[in-house]
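Asks: Below is the structure I would like to discuss, written out as structure tokens.
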Amino acid sequence: MAIESDNKPGTRRALPKEVRRKQLIQATMDSIAENGLSGTTMATVTQKAGLSMGIANLHFESKEKMLTETLQYVTDEYSNGQMDILTSGKYITVAEKIQAILAFDLSPKVLQKSKLAVWVAFWGEAKARPTYQKIRTLADIQSESAFRELFQAAIDEGGYVNTDADLLARGYTALVDGLWLDLLVAPKQFNRKKAMKIARHYLATAFPKHIQLDS
């Protein structure tokens, strides 16, 4: 759908640039979920967004830039959600922060099919695409560093012995990645409730004074 000029009387006013950009990014995510990275084109995205090819080219110039910015957008949204929990002051105690991180990582917002499809699709391409790998690596380093600090605080507070915050942080990140993959590829056999139970068991085993299995 082409955007008509704002100067013509009686025509629909163009939406702000950032709104159009988010609309195209969401359409890109939906296309990736349906067609994969290789099957996603400017045409499939504009069709889903209900916008013209000209609008897409204005915002992204090429399919590669569109895909890269979509990965960056999803990555930033996720990272910002994590950092908000860890730094905003909304959650005061260590236990509250761990609980909040768990709830966020397996929240309906994060587990949207289109977002999970984006993660999985770009994971598969990261090794061959340095740009994708850089975006994901920086995000992983940030997350693991934040988890390491949080888990170390729990270790110090709880007096847990023979417990390594770095290993726990890496293990938790790998666990969540695996749960996301299972939720995407086998939604009929695996659901959010089971994923939450598994992740909670991991954290409760590491931090029994902070996380209870029956909570």
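The way I read the labels, and the way they are meant: chains A, B, ... in the order of the structure tokens, residue 1 as the first residue of every chain, and ligand 1 as the first ligand shown, with later ones counted on from there.
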Which residues, written as a PyMOL selection string, have at least one atom at most 9 Å from stretch 206-213 of chain A, with only C-alpha atoms counted and residues fewer than 5 positions away on the same chain left out?
Replies: chain A and resi 94-96+98-99+151+154-155+158+160+163+168+197+200-201
Asks: Counting only C-alpha atoms, give me one row per residue of stretch 106-184 of chain A with an atom at most 12 Å from an atom of stretch 44-67 of chain A, showing the shortest contact pair and its distance in Å to one decimal, sorted by chain then residue number, as a tab-separated table.
Replies:
residue	atom	partner	partner_atom	distance
A:Val118	CA	A:Leu67	CA	9.5
A:Trp119	CA	A:Leu67	CA	11.8
A:Ala121	CA	A:Leu67	CA	10.7
A:Phe122	CA	A:Leu67	CA	9.2
A:Glu125	CA	A:Leu67	CA	11.5
A:Arg129	CA	A:Glu64	CA	10.6
A:Thr131	CA	A:Glu64	CA	10.2
A:Tyr132	CA	A:Leu67	CA	9.2
A:Ile135	CA	A:Leu67	CA	12.0
Asks: Using only C-alpha atoms, which residues sit within 9 Å of A:Gln152 once same-chain residues fewer than 5 positions away are excluded, as a ChimeraX atom specification?
Replies: /A:147,157,163-166
Asks: So which residues of stretch 178-210 of chain A fall under alpha helix (DSSP H) by DSSP, listed as a list in words?
Replies: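 Answer for stretch 178-210 of chain A restricted to alpha helix (DSSP H) is Gly178, Leu179, Trp180, Leu181, Asp182, Leu183, Leu184, Val185, Arg192, Lys193, Lys194, Ala195, Met196, Lys197, Ile198, Ala199, Arg200, His201, Tyr202, Leu203, Ala204, Thr205 and Ala206 of chain A.
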Asks: Go ahead and save the residues from that selection, with C-alpha atoms, as an mmCIF file, in the first residue's frame.
Replies:
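Final output, result-v6.cif:
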data_model
loop_
_atom_site.group_PDB
_atom_site.id
_atom_site.type_symbol
_atom_site.label_atom_id
_atom_site.label_comp_id
_atom_site.auth_asym_id
_atom_site.auth_seq_id
_atom_site.Cartn_x
_atom_site.Cartn_y
_atom_site.Cartn_z
ATOM 1 C CA GLY A 178 17.822 -24.729 24.340
ATOM 2 C CA LEU A 179 14.393 -24.196 25.852
ATOM 3 C CA TRP A 180 13.616 -21.548 23.246
ATOM 4 C CA LEU A 181 14.613 -23.944 20.485
ATOM 5 C CA ASP A 182 12.392 -26.708 21.878
ATOM 6 C CA LEU A 183 9.466 -24.318 22.224
ATOM 7 C CA LEU A 184 9.831 -23.280 18.596
ATOM 8 C CA VAL A 185 10.326 -26.669 16.938
ATOM 9 C CA ARG A 192 6.062 -22.734 28.539
ATOM 10 C CA LYS A 193 5.030 -24.435 31.775
ATOM 11 C CA LYS A 194 7.493 -27.288 31.211
ATOM 12 C CA ALA A 195 10.216 -24.860 30.206
ATOM 13 C CA MET A 196 9.668 -22.838 33.364
ATOM 14 C CA LYS A 197 9.830 -25.977 35.510
ATOM 15 C CA ILE A 198 13.161 -27.004 33.957
ATOM 16 C CA ALA A 199 14.730 -23.560 34.314
ATOM 17 C CA ARG A 200 13.460 -23.180 37.874
ATOM 18 C CA HIS A 201 14.924 -26.585 38.771
ATOM 19 C CA TYR A 202 18.317 -25.462 37.445
ATOM 20 C CA LEU A 203 18.270 -22.267 39.489
ATOM 21 C CA ALA A 204 16.823 -23.897 42.615
ATOM 22 C CA THR A 205 19.551 -26.535 42.534
ATOM 23 C CA ALA A 206 22.208 -23.813 42.387
#
Asks: For each of A:Met29, A:Ser88, A:Glu149, A:Thr75, take the minimum atom-to-atom distance to A:Thr137, counting only C-alpha atoms, then give the residue where this is smallest.
Replies: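 Once distances to A:Thr137 are computed over only C-alpha atoms, the minimum belongs to A:Thr75.
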Asks: What gap, in Å, lies between atom CA of A:Lys188 and atom CA of A:Val120?
Replies: 18.1 Å
Asks: Please list as a VMD selection string every residue within 10 Å of A:Gly81, counting only C-alpha atoms and excluding residues in the same chain fewer than 5 positions away.
Replies: chain A and resid 75 to 76 86 101 104 to 105 110
Asks: Go ahead and write the residues just picked, C-alpha atoms, as a compact mmCIF listing (two decimals), in the first residue's frame.
Replies:
# COMPACT_ATOMS: atom_id res chain seq x y z
CA THR A 75 18.55 -8.30 20.40
CA ASP A 76 18.33 -4.78 21.84
CA LEU A 86 18.97 -5.84 36.95
CA ILE A 101 14.99 -12.74 35.12
CA PHE A 104 11.22 -12.48 31.74
CA ASP A 105 13.25 -15.06 29.81
CA VAL A 110 9.94 -13.13 24.68
Asks: Pick out the closest residue to A:Asp30 from this set: A:Ala128, A:Val176, A:Leu138, A:Leu116. Count only C-alpha atoms.
Replies: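 Looking at the shortest contact to A:Asp30, the residue is A:Leu116.
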